[in-house]
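Trainee: Dropping in structure.csv, with CSV, C-alpha atoms.
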```csv
chain,number,residue,atom,x,y,z
A,1,MET,CA,-4.8,-24.3,45.2
A,2,LEU,CA,-3.7,-20.7,44.7
A,3,LEU,CA,-1.7,-19.7,41.6
A,4,CYS,CA,-0.2,-16.3,41.0
A,5,ASP,CA,1.4,-14.7,37.9
A,6,ILE,CA,3.2,-11.5,38.8
A,7,GLY,CA,3.8,-8.8,36.2
A,8,ASN,CA,5.2,-5.3,36.4
A,9,THR,CA,2.0,-3.8,37.6
A,10,SER,CA,-0.2,-6.5,39.1
A,11,TYR,CA,-0.4,-9.9,40.9
A,12,HIS,CA,-2.8,-12.0,38.9
A,13,PHE,CA,-4.3,-14.8,41.1
A,14,LEU,CA,-6.2,-17.9,40.2
A,15,ASP,CA,-7.9,-19.9,42.9
A,16,ASP,CA,-10.2,-22.8,42.3
A,17,SER,CA,-13.1,-20.7,41.2
A,18,ARG,CA,-12.0,-17.4,39.8
A,19,ASP,CA,-9.1,-15.2,38.7
A,20,TYR,CA,-8.5,-11.7,40.1
A,21,ARG,CA,-5.8,-9.0,40.3
A,22,GLU,CA,-4.0,-7.0,43.0
A,23,SER,CA,-1.8,-4.0,42.5
A,24,VAL,CA,1.9,-4.5,42.9
A,25,THR,CA,2.2,-1.2,44.8
A,26,ALA,CA,-0.7,-1.8,47.2
A,27,PHE,CA,-0.7,-5.6,47.9
A,28,ASN,CA,1.2,-7.1,50.7
A,29,PRO,CA,2.2,-10.7,49.8
A,30,SER,CA,2.7,-11.7,53.5
A,31,SER,CA,-1.0,-11.1,54.1
A,32,ILE,CA,-1.5,-14.5,52.5
A,33,THR,CA,-0.8,-17.5,54.8
A,34,GLN,CA,-1.8,-20.4,52.5
A,35,LYS,CA,0.6,-21.9,49.9
A,36,VAL,CA,0.9,-19.8,46.7
A,37,TYR,CA,2.6,-21.2,43.6
A,38,TYR,CA,3.9,-18.3,41.6
A,39,ILE,CA,5.9,-17.0,38.7
A,40,SER,CA,7.2,-13.4,38.5
A,41,VAL,CA,8.7,-11.2,35.8
A,42,ASN,CA,9.0,-8.5,38.5
A,43,ALA,CA,12.5,-8.7,40.0
A,44,SER,CA,11.7,-6.5,43.1
A,45,VAL,CA,8.6,-8.5,44.0
A,46,GLY,CA,10.6,-11.7,43.4
A,47,LYS,CA,13.1,-10.7,46.0
A,48,VAL,CA,10.4,-10.2,48.6
A,49,LEU,CA,8.8,-13.5,47.8
A,50,GLU,CA,12.0,-15.4,48.3
A,51,THR,CA,11.8,-14.5,52.0
A,52,LEU,CA,8.3,-15.9,52.4
A,53,ASP,CA,8.1,-19.7,52.9
A,54,ASN,CA,4.6,-20.2,51.7
A,55,TRP,CA,5.3,-18.6,48.3
A,56,ILE,CA,6.8,-21.2,45.9
A,57,ASN,CA,8.5,-20.2,42.7
A,58,LEU,CA,7.5,-22.6,39.9
A,59,LYS,CA,10.2,-21.3,37.6
A,60,THR,CA,12.7,-23.7,39.3
A,61,HIS,CA,10.6,-26.7,38.2
A,62,VAL,CA,10.8,-26.0,34.5
A,63,ASP,CA,13.2,-27.7,32.2
A,64,MET,CA,14.9,-24.6,30.8
A,65,SER,CA,16.9,-26.4,28.1
A,66,ASN,CA,14.2,-25.6,25.6
A,67,TYR,CA,14.1,-21.9,26.4
A,68,TYR,CA,16.6,-19.1,26.6
A,69,GLU,CA,18.1,-17.3,29.6
A,70,THR,CA,16.5,-13.8,29.2
A,71,MET,CA,13.1,-15.1,28.1
A,72,GLY,CA,10.2,-13.9,30.3
A,73,VAL,CA,9.0,-16.6,32.6
A,74,ASP,CA,5.3,-15.8,31.7
A,75,ARG,CA,6.1,-16.7,28.1
A,76,ILE,CA,7.7,-19.9,29.2
A,77,PHE,CA,4.7,-21.0,31.2
A,78,ALA,CA,2.3,-20.1,28.3
A,79,CYS,CA,4.3,-22.3,26.0
A,80,GLU,CA,4.1,-25.1,28.6
A,81,ALA,CA,0.3,-24.9,28.4
A,82,ILE,CA,0.0,-26.0,24.7
A,83,GLN,CA,1.2,-28.7,22.4
A,84,ASN,CA,1.0,-26.9,19.0
A,85,GLY,CA,0.2,-23.3,18.2
A,86,VAL,CA,1.2,-19.7,18.1
A,87,ILE,CA,0.7,-17.8,21.4
A,88,VAL,CA,0.0,-14.1,21.1
A,89,ASP,CA,0.3,-12.5,24.6
A,90,ALA,CA,-0.8,-8.9,24.1
A,91,GLY,CA,0.3,-6.6,26.9
A,92,SER,CA,2.6,-3.5,27.0
A,93,ALA,CA,4.7,-5.6,24.6
A,94,ILE,CA,3.2,-8.4,22.5
A,95,THR,CA,5.1,-11.6,22.6
A,96,VAL,CA,4.6,-14.2,20.0
A,97,ASP,CA,5.8,-17.7,20.7
A,98,ILE,CA,5.6,-20.9,18.6
A,99,VAL,CA,5.3,-24.4,20.0
A,100,LYS,CA,5.5,-27.5,17.9
A,101,ASP,CA,4.9,-31.0,19.4
A,102,GLY,CA,5.2,-29.5,22.9
A,103,LYS,CA,8.6,-27.8,22.1
A,104,PHE,CA,9.3,-24.1,22.0
A,105,GLN,CA,10.5,-23.2,18.5
A,106,GLY,CA,11.3,-19.5,19.0
A,107,GLY,CA,9.4,-16.3,19.2
A,108,PHE,CA,9.4,-12.5,18.7
A,109,ILE,CA,8.4,-9.3,20.4
A,110,TYR,CA,6.2,-6.6,18.9
A,111,PRO,CA,5.1,-3.3,20.5
A,112,GLY,CA,1.8,-3.2,22.4
A,113,ILE,CA,-1.1,-0.9,21.4
A,114,THR,CA,-0.2,2.0,23.7
A,115,ALA,CA,3.5,1.9,22.9
A,116,MET,CA,2.9,1.8,19.1
A,117,SER,CA,0.3,4.5,19.3
A,118,LYS,CA,2.8,6.8,20.9
A,119,THR,CA,5.4,5.9,18.3
A,120,TYR,CA,3.3,7.2,15.4
A,121,GLU,CA,2.4,10.3,17.4
A,122,ASN,CA,6.0,11.0,18.2
A,123,ILE,CA,7.1,10.8,14.6
A,124,SER,CA,4.5,13.4,13.7
A,125,PRO,CA,1.3,14.9,15.2
A,126,ALA,CA,-0.1,14.2,11.7
A,127,LEU,CA,0.1,10.5,12.5
A,128,ALA,CA,-1.7,10.7,15.8
A,129,TYR,CA,-4.7,8.4,15.1
A,130,PRO,CA,-6.2,5.7,17.3
A,131,PHE,CA,-5.9,2.2,15.8
A,132,ASN,CA,-8.9,0.9,14.0
A,133,PHE,CA,-9.2,-2.8,14.8
A,134,ASP,CA,-12.3,-3.1,12.6
A,135,LEU,CA,-10.2,-2.2,9.5
A,136,ASP,CA,-10.6,-4.5,6.5
A,137,LEU,CA,-7.0,-5.7,6.2
A,138,THR,CA,-7.5,-7.1,2.7
A,139,VAL,CA,-7.9,-3.5,1.3
A,140,LEU,CA,-4.9,-1.1,0.9
A,141,PRO,CA,-5.7,2.1,2.8
A,142,LYS,CA,-6.3,5.4,1.1
A,143,ASN,CA,-6.4,7.7,4.2
A,144,SER,CA,-4.0,8.5,7.0
A,145,GLY,CA,-5.8,6.9,9.9
A,146,ASP,CA,-6.2,3.6,8.1
A,147,ALA,CA,-2.6,3.8,6.8
A,148,ILE,CA,-1.4,3.7,10.4
A,149,SER,CA,-3.8,1.0,11.5
A,150,TYR,CA,-2.8,-1.2,8.6
A,151,GLY,CA,0.9,-0.5,9.3
A,152,TYR,CA,0.6,-1.7,12.8
A,153,LEU,CA,-1.9,-4.5,12.4
A,154,LYS,CA,-1.6,-6.0,8.9
A,155,THR,CA,2.2,-6.4,9.2
A,156,PHE,CA,1.7,-8.2,12.5
A,157,TYR,CA,-1.2,-10.2,11.1
A,158,SER,CA,0.8,-11.3,8.0
A,159,GLU,CA,3.6,-12.7,10.0
A,160,VAL,CA,1.5,-14.4,12.7
A,161,VAL,CA,-0.8,-16.2,10.2
A,162,SER,CA,2.2,-17.2,8.0
A,163,HIS,CA,3.0,-20.0,10.5
A,164,GLU,CA,-0.3,-21.7,9.6
A,165,MET,CA,-1.0,-22.9,13.2
A,166,GLU,CA,-3.7,-22.4,15.7
A,167,ILE,CA,-3.5,-19.0,17.4
A,168,TYR,CA,-3.9,-18.6,21.2
A,169,LEU,CA,-4.6,-15.1,22.4
A,170,THR,CA,-3.9,-14.1,25.9
A,171,GLY,CA,-2.9,-10.9,27.9
A,172,GLY,CA,-4.7,-7.7,28.7
A,173,ASP,CA,-5.4,-6.7,25.1
A,174,ALA,CA,-6.4,-10.1,23.9
A,175,LYS,CA,-9.9,-9.1,23.2
A,176,GLU,CA,-8.9,-6.2,20.8
A,177,PHE,CA,-6.9,-8.7,18.8
A,178,THR,CA,-9.8,-11.1,18.3
A,179,LYS,CA,-11.0,-8.6,15.8
A,180,ILE,CA,-8.1,-9.3,13.5
A,181,PHE,CA,-7.5,-13.0,14.4
A,182,SER,CA,-11.1,-14.1,14.1
A,183,ASN,CA,-10.3,-17.8,14.4
A,184,ALA,CA,-8.0,-17.5,17.4
A,185,LYS,CA,-8.7,-19.1,20.8
A,186,VAL,CA,-8.9,-16.5,23.5
A,187,ASP,CA,-7.5,-18.0,26.8
A,188,GLU,CA,-7.0,-15.5,29.6
A,189,ILE,CA,-5.7,-18.2,32.0
A,190,LEU,CA,-3.2,-19.8,29.6
A,191,ILE,CA,-0.3,-19.1,31.8
A,192,PHE,CA,-2.1,-20.6,34.8
A,193,LYS,CA,-2.7,-23.8,32.7
A,194,GLY,CA,1.1,-24.0,32.1
A,195,MET,CA,1.6,-23.5,35.9
A,196,SER,CA,-0.9,-26.3,36.8
A,197,LYS,CA,0.8,-28.6,34.3
A,198,ILE,CA,4.3,-28.1,35.8
A,199,LEU,CA,2.9,-28.4,39.3
A,200,LYS,CA,1.3,-31.7,38.5
A,201,ALA,CA,4.4,-33.1,36.8
A,202,ASN,CA,6.5,-32.4,39.9
B,1,MET,CA,17.0,22.3,-14.5
B,2,LEU,CA,16.9,22.4,-10.7
B,3,LEU,CA,14.5,20.2,-8.8
B,4,CYS,CA,13.9,20.3,-5.0
B,5,ASP,CA,12.2,17.9,-2.6
B,6,ILE,CA,11.7,19.6,0.8
B,7,GLY,CA,11.2,17.5,3.9
B,8,ASN,CA,11.0,18.4,7.6
B,9,THR,CA,14.8,18.7,8.0
B,10,SER,CA,16.3,19.3,4.6
B,11,TYR,CA,16.0,20.7,1.1
B,12,HIS,CA,17.0,17.8,-1.3
B,13,PHE,CA,18.2,19.3,-4.6
B,14,LEU,CA,18.8,17.6,-7.9
B,15,ASP,CA,20.5,19.6,-10.7
B,16,ASP,CA,21.6,18.1,-14.1
B,17,SER,CA,24.7,16.4,-12.5
B,18,ARG,CA,24.2,15.6,-8.9
B,19,ASP,CA,21.9,15.6,-5.8
B,20,TYR,CA,22.7,17.4,-2.6
B,21,ARG,CA,21.1,18.6,0.6
B,22,GLU,CA,20.7,21.9,2.5
B,23,SER,CA,19.5,22.2,6.1
B,24,VAL,CA,16.0,23.7,6.5
B,25,THR,CA,17.1,25.9,9.3
B,26,ALA,CA,20.3,27.3,7.7
B,27,PHE,CA,19.4,27.5,4.0
B,28,ASN,CA,17.8,30.7,2.5
B,29,PRO,CA,15.7,29.9,-0.5
B,30,SER,CA,15.8,33.4,-1.9
B,31,SER,CA,19.6,33.0,-2.3
B,32,ILE,CA,18.7,31.0,-5.5
B,33,THR,CA,17.7,33.1,-8.5
B,34,GLN,CA,17.2,30.4,-11.2
B,35,LYS,CA,13.9,28.6,-11.6
B,36,VAL,CA,13.4,25.8,-9.0
B,37,TYR,CA,10.6,23.1,-9.4
B,38,TYR,CA,9.8,21.9,-5.9
B,39,ILE,CA,7.5,19.8,-3.8
B,40,SER,CA,7.3,20.3,0.0
B,41,VAL,CA,5.9,18.4,3.0
B,42,ASN,CA,7.2,21.2,5.2
B,43,ALA,CA,4.3,23.7,5.7
B,44,SER,CA,6.4,26.6,7.0
B,45,VAL,CA,8.9,26.4,4.2
B,46,GLY,CA,6.0,26.1,1.8
B,47,LYS,CA,4.6,29.4,3.0
B,48,VAL,CA,7.9,31.2,2.3
B,49,LEU,CA,8.3,29.7,-1.1
B,50,GLU,CA,4.9,30.9,-2.2
B,51,THR,CA,6.2,34.4,-2.0
B,52,LEU,CA,9.2,33.6,-4.3
B,53,ASP,CA,8.3,33.8,-8.1
B,54,ASN,CA,11.2,31.5,-9.2
B,55,TRP,CA,10.1,28.6,-6.9
B,56,ILE,CA,7.4,26.6,-8.7
B,57,ASN,CA,5.2,24.2,-6.8
B,58,LEU,CA,4.8,21.0,-8.8
B,59,LYS,CA,2.0,19.7,-6.6
B,60,THR,CA,-0.5,21.8,-8.5
B,61,HIS,CA,0.3,19.9,-11.7
B,62,VAL,CA,-0.6,16.4,-10.4
B,63,ASP,CA,-4.0,14.8,-11.0
B,64,MET,CA,-5.0,14.3,-7.4
B,65,SER,CA,-8.0,12.2,-8.2
B,66,ASN,CA,-5.9,9.0,-7.7
B,67,TYR,CA,-4.6,10.1,-4.3
B,68,TYR,CA,-6.0,11.2,-1.0
B,69,GLU,CA,-6.1,14.7,0.6
B,70,THR,CA,-3.7,14.1,3.6
B,71,MET,CA,-1.2,11.9,1.6
B,72,GLY,CA,2.4,13.3,1.7
B,73,VAL,CA,3.3,15.0,-1.6
B,74,ASP,CA,6.6,13.1,-1.6
B,75,ARG,CA,4.7,9.8,-1.6
B,76,ILE,CA,2.6,11.0,-4.5
B,77,PHE,CA,5.6,11.9,-6.6
B,78,ALA,CA,7.3,8.6,-5.9
B,79,CYS,CA,4.2,6.9,-7.1
B,80,GLU,CA,4.2,9.0,-10.3
B,81,ALA,CA,7.7,7.7,-11.1
B,82,ILE,CA,6.7,4.0,-11.6
B,83,GLN,CA,4.2,1.9,-13.5
B,84,ASN,CA,4.1,-1.2,-11.2
B,85,GLY,CA,5.6,-1.9,-7.9
B,86,VAL,CA,5.8,-1.4,-4.1
B,87,ILE,CA,7.6,1.8,-3.0
B,88,VAL,CA,9.3,1.6,0.4
B,89,ASP,CA,10.4,5.1,1.4
B,90,ALA,CA,12.4,4.6,4.6
B,91,GLY,CA,12.8,7.8,6.7
B,92,SER,CA,11.6,8.8,10.2
B,93,ALA,CA,8.4,7.0,9.1
B,94,ILE,CA,8.4,4.3,6.4
B,95,THR,CA,5.7,4.8,3.8
B,96,VAL,CA,4.8,1.8,1.6
B,97,ASP,CA,2.8,2.6,-1.5
B,98,ILE,CA,1.5,0.2,-4.2
B,99,VAL,CA,1.2,1.2,-7.9
B,100,LYS,CA,-0.5,-1.0,-10.5
B,101,ASP,CA,-0.5,0.0,-14.2
B,102,GLY,CA,0.5,3.5,-13.2
B,103,LYS,CA,-2.3,3.9,-10.7
B,104,PHE,CA,-2.0,4.3,-6.9
B,105,GLN,CA,-3.7,1.4,-5.1
B,106,GLY,CA,-3.2,2.5,-1.5
B,107,GLY,CA,-0.4,2.3,1.0
B,108,PHE,CA,0.5,2.2,4.7
B,109,ILE,CA,2.8,3.8,7.2
B,110,TYR,CA,5.2,1.9,9.5
B,111,PRO,CA,7.7,3.4,12.1
B,112,GLY,CA,11.2,4.2,10.9
B,113,ILE,CA,14.3,2.6,12.6
B,114,THR,CA,14.9,5.4,15.2
B,115,ALA,CA,11.3,5.7,16.2
B,116,MET,CA,10.8,1.9,16.6
B,117,SER,CA,14.1,1.5,18.5
B,118,LYS,CA,12.8,4.0,21.0
B,119,THR,CA,9.5,2.2,21.2
B,120,TYR,CA,11.1,-1.0,22.5
B,121,GLU,CA,13.4,0.8,24.8
B,122,ASN,CA,10.4,2.8,26.3
B,123,ILE,CA,8.5,-0.4,27.0
B,124,SER,CA,11.4,-1.8,29.0
B,125,PRO,CA,15.1,-1.2,29.3
B,126,ALA,CA,15.4,-5.0,28.8
B,127,LEU,CA,14.2,-4.5,25.2
B,128,ALA,CA,16.9,-1.8,24.4
B,129,TYR,CA,18.7,-3.7,21.6
B,130,PRO,CA,19.9,-2.3,18.2
B,131,PHE,CA,18.1,-3.9,15.2
B,132,ASN,CA,20.1,-6.6,13.5
B,133,PHE,CA,19.5,-6.2,9.7
B,134,ASP,CA,21.7,-9.2,9.0
B,135,LEU,CA,19.3,-11.5,11.0
B,136,ASP,CA,18.1,-14.6,9.2
B,137,LEU,CA,14.4,-13.9,9.0
B,138,THR,CA,13.6,-17.6,8.2
B,139,VAL,CA,14.6,-18.7,11.7
B,140,LEU,CA,12.5,-18.0,14.7
B,141,PRO,CA,14.6,-16.2,17.4
B,142,LYS,CA,15.7,-17.7,20.6
B,143,ASN,CA,17.3,-14.6,22.2
B,144,SER,CA,15.9,-11.1,23.2
B,145,GLY,CA,18.0,-9.1,20.7
B,146,ASP,CA,16.9,-11.2,17.7
B,147,ALA,CA,13.3,-11.4,19.1
B,148,ILE,CA,13.1,-7.6,18.8
B,149,SER,CA,14.8,-7.4,15.3
B,150,TYR,CA,12.4,-10.1,14.0
B,151,GLY,CA,9.4,-8.3,15.5
B,152,TYR,CA,10.3,-5.1,13.7
B,153,LEU,CA,11.7,-6.5,10.4
B,154,LYS,CA,10.0,-9.8,9.7
B,155,THR,CA,6.5,-8.5,10.3
B,156,PHE,CA,7.2,-5.6,7.8
B,157,TYR,CA,9.0,-8.0,5.4
B,158,SER,CA,6.1,-10.5,5.4
B,159,GLU,CA,3.6,-7.8,4.5
B,160,VAL,CA,5.7,-6.0,1.8
B,161,VAL,CA,6.6,-9.2,-0.1
B,162,SER,CA,3.0,-10.5,0.1
B,163,HIS,CA,2.1,-8.1,-2.7
B,164,GLU,CA,4.4,-10.1,-5.1
B,165,MET,CA,5.6,-7.0,-6.9
B,166,GLU,CA,8.9,-5.3,-7.7
B,167,ILE,CA,10.1,-3.4,-4.6
B,168,TYR,CA,11.6,0.1,-4.9
B,169,LEU,CA,13.6,1.3,-2.0
B,170,THR,CA,14.2,5.0,-1.4
B,171,GLY,CA,14.7,7.5,1.5
B,172,GLY,CA,17.5,8.0,4.0
B,173,ASP,CA,17.5,4.4,5.4
B,174,ALA,CA,17.0,2.7,2.0
B,175,LYS,CA,20.5,1.0,2.2
B,176,GLU,CA,19.8,-0.6,5.6
B,177,PHE,CA,16.6,-2.2,4.1
B,178,THR,CA,18.5,-3.7,1.1
B,179,LYS,CA,19.7,-6.3,3.6
B,180,ILE,CA,16.2,-7.7,4.1
B,181,PHE,CA,14.8,-6.9,0.6
B,182,SER,CA,17.7,-8.3,-1.3
B,183,ASN,CA,16.0,-8.1,-4.7
B,184,ALA,CA,14.8,-4.6,-4.3
B,185,LYS,CA,15.8,-1.7,-6.6
B,186,VAL,CA,17.4,1.1,-4.6
B,187,ASP,CA,16.6,4.4,-6.2
B,188,GLU,CA,17.5,7.5,-4.1
B,189,ILE,CA,16.2,9.9,-6.7
B,190,LEU,CA,12.8,8.2,-7.3
B,191,ILE,CA,10.8,11.3,-6.2
B,192,PHE,CA,12.8,13.4,-8.6
B,193,LYS,CA,11.9,11.0,-11.4
B,194,GLY,CA,8.3,11.6,-10.6
B,195,MET,CA,8.9,15.3,-10.6
B,196,SER,CA,10.6,15.2,-14.0
B,197,LYS,CA,7.8,13.2,-15.4
B,198,ILE,CA,5.1,15.6,-14.2
B,199,LEU,CA,7.1,18.5,-15.5
B,200,LYS,CA,7.5,17.0,-19.0
B,201,ALA,CA,3.7,16.2,-19.1
B,202,ASN,CA,2.8,19.9,-18.4
```
Turn this file's structure into C-alpha cells for me.
Mentor:
Amino acid sequence: MLLCDIGNTSYHFLDDSRDYRESVTAFNPSSITQKVYYISVNASVGKVLETLDNWINLKTHVDMSNYYETMGVDRIFACEAIQNGVIVDAGSAITVDIVKDGKFQGGFIYPGITAMSKTYENISPALAYPFNFDLDLTVLPKNSGDAISYGYLKTFYSEVVSHEMEIYLTGGDAKEFTKIFSNAKVDEILIFKGMSKILKAN
Amino acid sequence: MLLCDIGNTSYHFLDDSRDYRESVTAFNPSSITQKVYYISVNASVGKVLETLDNWINLKTHVDMSNYYETMGVDRIFACEAIQNGVIVDAGSAITVDIVKDGKFQGGFIYPGITAMSKTYENISPALAYPFNFDLDLTVLPKNSGDAISYGYLKTFYSEVVSHEMEIYLTGGDAKEFTKIFSNAKVDEILIFKGMSKILKAN
C-alpha cells in the first residue's frame, strides 16, 4: 500500500517498508501506476491528481463535522491518528492541535523557526541571533541572544505544556523541538497513521 | 525640567505638564537651549547629542552591574521605575523585563504586532489575518483567524502571567495589550519615572 502526504514543497511517501520524499517541482505523479492514497495541502498538485484515476484523495473519507473548513488536511489526519494529546507539527508554520477522547478540540498556529528568525532580524539587525534550543527555559535571560530564544521558545512552551497532555512532535523540525519538549513522543509518520486509520475504516 | 527618551523614530519629551513627540528625521536638537536629560537607543542621534552641552545623557548615572551590556537603555530605565513587577514594553519589538525588590531579574524579547503580522503573511497568504485582541484566550480556536491570534497572543500571555507579578504596560501598543492583560497597569511615562528617579539620586 502506498500513502502520500503532499505539502507545498514535497510529496512525502510511505510504502510498506520506508518513507521518502520527492520534490513537487521535479516529480511526475503519472509516473506511478499503482494505487496511491493521498492527502494534499497543495492546490495545484491537487488539481493534477484529480485527473489521475489511481490517485485517491482520502480527504473525502473524513467526517469533517469535527473540523473547520479552512483547516489544513495534514492537521486533520494527524488528529485522526491519536485519541488524546497535543500534536505539534513543526514546519514552516507550527500547528498545535488538541485531541480529547478522539475528538479535535481546537488548535493554533505559531511561526516556524525560519520565519520567526527572520522576524527578529527584520525588527533590528541587533536582534539577528540564531535560536538556542539548549537554553535553560527556567532561567530569565540576561543577554540579547538568549532573550530572543526565550521569547520564541518559552512563550510557546508555556502554552503547549499548560494543556497537561501527552505531546506528539511531527514535521521537519520535530527533532529541534525535542530539546524543549523532552517528554514528547516524536512521530514522523503520524499523518500516515491517520491516513491508514481512515483507509481501514472505509 | 525637560526629559527625553529617544527611540529609532522619535524623540519622546516630558516637561512638567505634558509629554509629546518629535520626529527623529525632522527635529533639530540644537533648537533647544534649556537643559535636557535624555536617554537614547538611537546611535546616530546619540552621536549628535554628545556634541551639545545642554543635552545630558542619564545612562552614565545608572549602576549597570544589574544589567547587561547590549540591553536597551529604555528597558533599563523602565526597570529603574518599579520595585516589583513585569514590564511589558510593546513597540516594534515587545520587551518583557522582570524586577524583584528593585533588582532586574532578566527579560525577553517578543515580536511586536506589525512584525508578527507580517511573519504569518509571509509564511502563507492563507495566514494573512489581523490579530483579534478581543479573542477569548480560554477557548481553543476552530478557525484560521483565531488560530493565528491565539498563536501570537495566548503563548505570550501564558508566559507573562506565569510570573505571578503585577504587570506594567508601556510603549506605543500598550493600549491594545490591555485587552489581554486586563489587570495590568498602563503607564505611558514609565521610562520617564525611571529617569526622574535616577536624576534625583544623583
Trainee: Select residues of chain A: the criterion is any atom within 6 Å of an atom of chain B, counting all atoms listed in the file; output as an mmCIF file with C-alpha atoms, in the coordinates of the input.
Mentor:
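What follows is the written file iface-v6.cif:
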```cif
data_model
loop_
_atom_site.group_PDB
_atom_site.id
_atom_site.type_symbol
_atom_site.label_atom_id
_atom_site.label_comp_id
_atom_site.auth_asym_id
_atom_site.auth_seq_id
_atom_site.Cartn_x
_atom_site.Cartn_y
_atom_site.Cartn_z
ATOM 1 C CA GLY A 106 11.300 -19.500 19.000
ATOM 2 C CA GLY A 107 9.400 -16.300 19.200
ATOM 3 C CA PHE A 108 9.400 -12.500 18.700
ATOM 4 C CA ILE A 109 8.400 -9.300 20.400
ATOM 5 C CA TYR A 110 6.200 -6.600 18.900
ATOM 6 C CA LEU A 140 -4.900 -1.100 0.900
ATOM 7 C CA PRO A 141 -5.700 2.100 2.800
ATOM 8 C CA LYS A 142 -6.300 5.400 1.100
ATOM 9 C CA ALA A 147 -2.600 3.800 6.800
ATOM 10 C CA ILE A 148 -1.400 3.700 10.400
ATOM 11 C CA GLY A 151 0.900 -0.500 9.300
ATOM 12 C CA THR A 155 2.200 -6.400 9.200
ATOM 13 C CA PHE A 156 1.700 -8.200 12.500
ATOM 14 C CA SER A 158 0.800 -11.300 8.000
ATOM 15 C CA GLU A 159 3.600 -12.700 10.000
#
```
Trainee: CA of Thr178 (chain B) and CA of Leu3 (chain B), how far apart in Å?
Mentor: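 About the pair CA of Leu3 (chain B) and CA of Thr178 (chain B): they are 26.2 Å apart.
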Trainee: As a PyMOL selection string, please: the residues near Ser182 (chain A) (cut-off 12 Å, only C-alpha atoms, same-chain neighbours under 4 positions excluded).
Mentor: chain A and resi 133-134+157+161+166-169+174-178+186
Trainee: To one decimal place, how far is CA of Ser31 (chain B) from CA of Phe192 (chain B) in Å?
Mentor: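 Between CA of Ser31 (chain B) and CA of Phe192 (chain B) the gap is 21.7 Å.
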Trainee: Rank B:Ile189, B:Arg18, B:Met64, B:Ile76 by their smallest atom-to-atom distance to Ile39 (chain B), using only C-alpha atoms, and report the top residue only.
Mentor: B:Ile76
Trainee: Just the number, please: distance in Å from CA of Cys79 (chain B) to CA of Met195 (chain B), one decimal.
Mentor: 10.2 Å
Trainee: Please list as a ChimeraX atom specification every residue within 10 Å of Lys59 (chain A), counting only C-alpha atoms and excluding residues in the same chain fewer than 6 positions away.
Mentor: /A:37-40,73-74,76-77,195,198
Trainee: So, counting all atoms listed in the file, which residue among A:Gly172, A:Ser44, A:Asp16, A:Glu80 is closest to Ile191 (chain A)?
Mentor: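 Using all atoms listed in the file, the shortest distance to Ile191 (chain A) belongs to A:Glu80.
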Trainee: Which is closest to Arg75 (chain A) among A:Leu190, A:Ala201, A:Ile180, A:Leu14, if we use all atoms listed in the file?
Mentor: A:Leu190
Trainee: Between B:Glu188, B:Glu22, B:Glu164, B:Asp53, which has the minimum distance to Asn84 (chain B) (counting only C-alpha atoms)?
Mentor: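 Among B:Glu188, B:Glu22, B:Glu164, B:Asp53, it is B:Glu164 that comes nearest to Asn84 (chain B).
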Trainee: Measuring between all atoms listed in the file, which one of A:Asn202, A:Thr9, A:Thr170, A:Asn183 shows the shortest distance to Ala43 (chain A)?
Mentor: A:Thr9
Trainee: Ranking A:Asn54, A:Asn132, A:Thr33, A:Asn42 by minimum distance to Asp5 (chain A) and counting all atoms listed in the file, which one comes first?
Mentor: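 Residue with the minimum atom-to-atom distance to Asp5 (chain A): A:Asn42.
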Trainee: Can you patch up region 67-79 of chain B, filling it in to N, CA and C atoms, and show the result as a PDB file, in the frame of the given file?
Mentor:
```pdb
ATOM      1  N   TYR B  67      -5.250  10.031  -5.596  1.00  0.00           N
ATOM      2  CA  TYR B  67      -4.600  10.100  -4.300  1.00  0.00           C
ATOM      3  C   TYR B  67      -5.611  10.536  -3.228  1.00  0.00           C
ATOM      4  N   TYR B  68      -5.129  10.712  -1.985  1.00  0.00           N
ATOM      5  CA  TYR B  68      -6.000  11.200  -1.000  1.00  0.00           C
ATOM      6  C   TYR B  68      -5.476  12.523  -0.350  1.00  0.00           C
ATOM      7  N   GLU B  69      -6.366  13.310   0.172  1.00  0.00           N
ATOM      8  CA  GLU B  69      -6.100  14.700   0.600  1.00  0.00           C
ATOM      9  C   GLU B  69      -4.841  14.798   1.525  1.00  0.00           C
ATOM     10  N   THR B  70      -4.740  13.949   2.566  1.00  0.00           N
ATOM     11  CA  THR B  70      -3.700  14.100   3.600  1.00  0.00           C
ATOM     12  C   THR B  70      -2.404  13.312   3.206  1.00  0.00           C
ATOM     13  N   MET B  71      -2.363  12.748   2.019  1.00  0.00           N
ATOM     14  CA  MET B  71      -1.200  11.900   1.600  1.00  0.00           C
ATOM     15  C   MET B  71      -0.012  12.860   1.338  1.00  0.00           C
ATOM     16  N   GLY B  72       1.147  12.513   1.895  1.00  0.00           N
ATOM     17  CA  GLY B  72       2.400  13.300   1.700  1.00  0.00           C
ATOM     18  C   GLY B  72       2.679  13.463   0.224  1.00  0.00           C
ATOM     19  N   VAL B  73       3.028  14.695  -0.186  1.00  0.00           N
ATOM     20  CA  VAL B  73       3.300  15.000  -1.600  1.00  0.00           C
ATOM     21  C   VAL B  73       4.518  14.183  -2.093  1.00  0.00           C
ATOM     22  N   ASP B  74       5.445  13.866  -1.183  1.00  0.00           N
ATOM     23  CA  ASP B  74       6.600  13.100  -1.600  1.00  0.00           C
ATOM     24  C   ASP B  74       6.189  11.653  -1.989  1.00  0.00           C
ATOM     25  N   ARG B  75       5.223  11.096  -1.275  1.00  0.00           N
ATOM     26  CA  ARG B  75       4.700   9.800  -1.600  1.00  0.00           C
ATOM     27  C   ARG B  75       4.033   9.818  -3.014  1.00  0.00           C
ATOM     28  N   ILE B  76       3.271  10.888  -3.243  1.00  0.00           N
ATOM     29  CA  ILE B  76       2.600  11.000  -4.500  1.00  0.00           C
ATOM     30  C   ILE B  76       3.544  11.053  -5.700  1.00  0.00           C
ATOM     31  N   PHE B  77       4.621  11.826  -5.541  1.00  0.00           N
ATOM     32  CA  PHE B  77       5.600  11.900  -6.600  1.00  0.00           C
ATOM     33  C   PHE B  77       6.404  10.663  -6.826  1.00  0.00           C
ATOM     34  N   ALA B  78       6.655   9.936  -5.757  1.00  0.00           N
ATOM     35  CA  ALA B  78       7.300   8.600  -5.900  1.00  0.00           C
ATOM     36  C   ALA B  78       6.429   7.687  -6.700  1.00  0.00           C
ATOM     37  N   CYS B  79       5.127   7.700  -6.387  1.00  0.00           N
ATOM     38  CA  CYS B  79       4.200   6.900  -7.100  1.00  0.00           C
ATOM     39  C   CYS B  79       4.147   7.227  -8.610  1.00  0.00           C
TER      40      CYS B  79
END
```
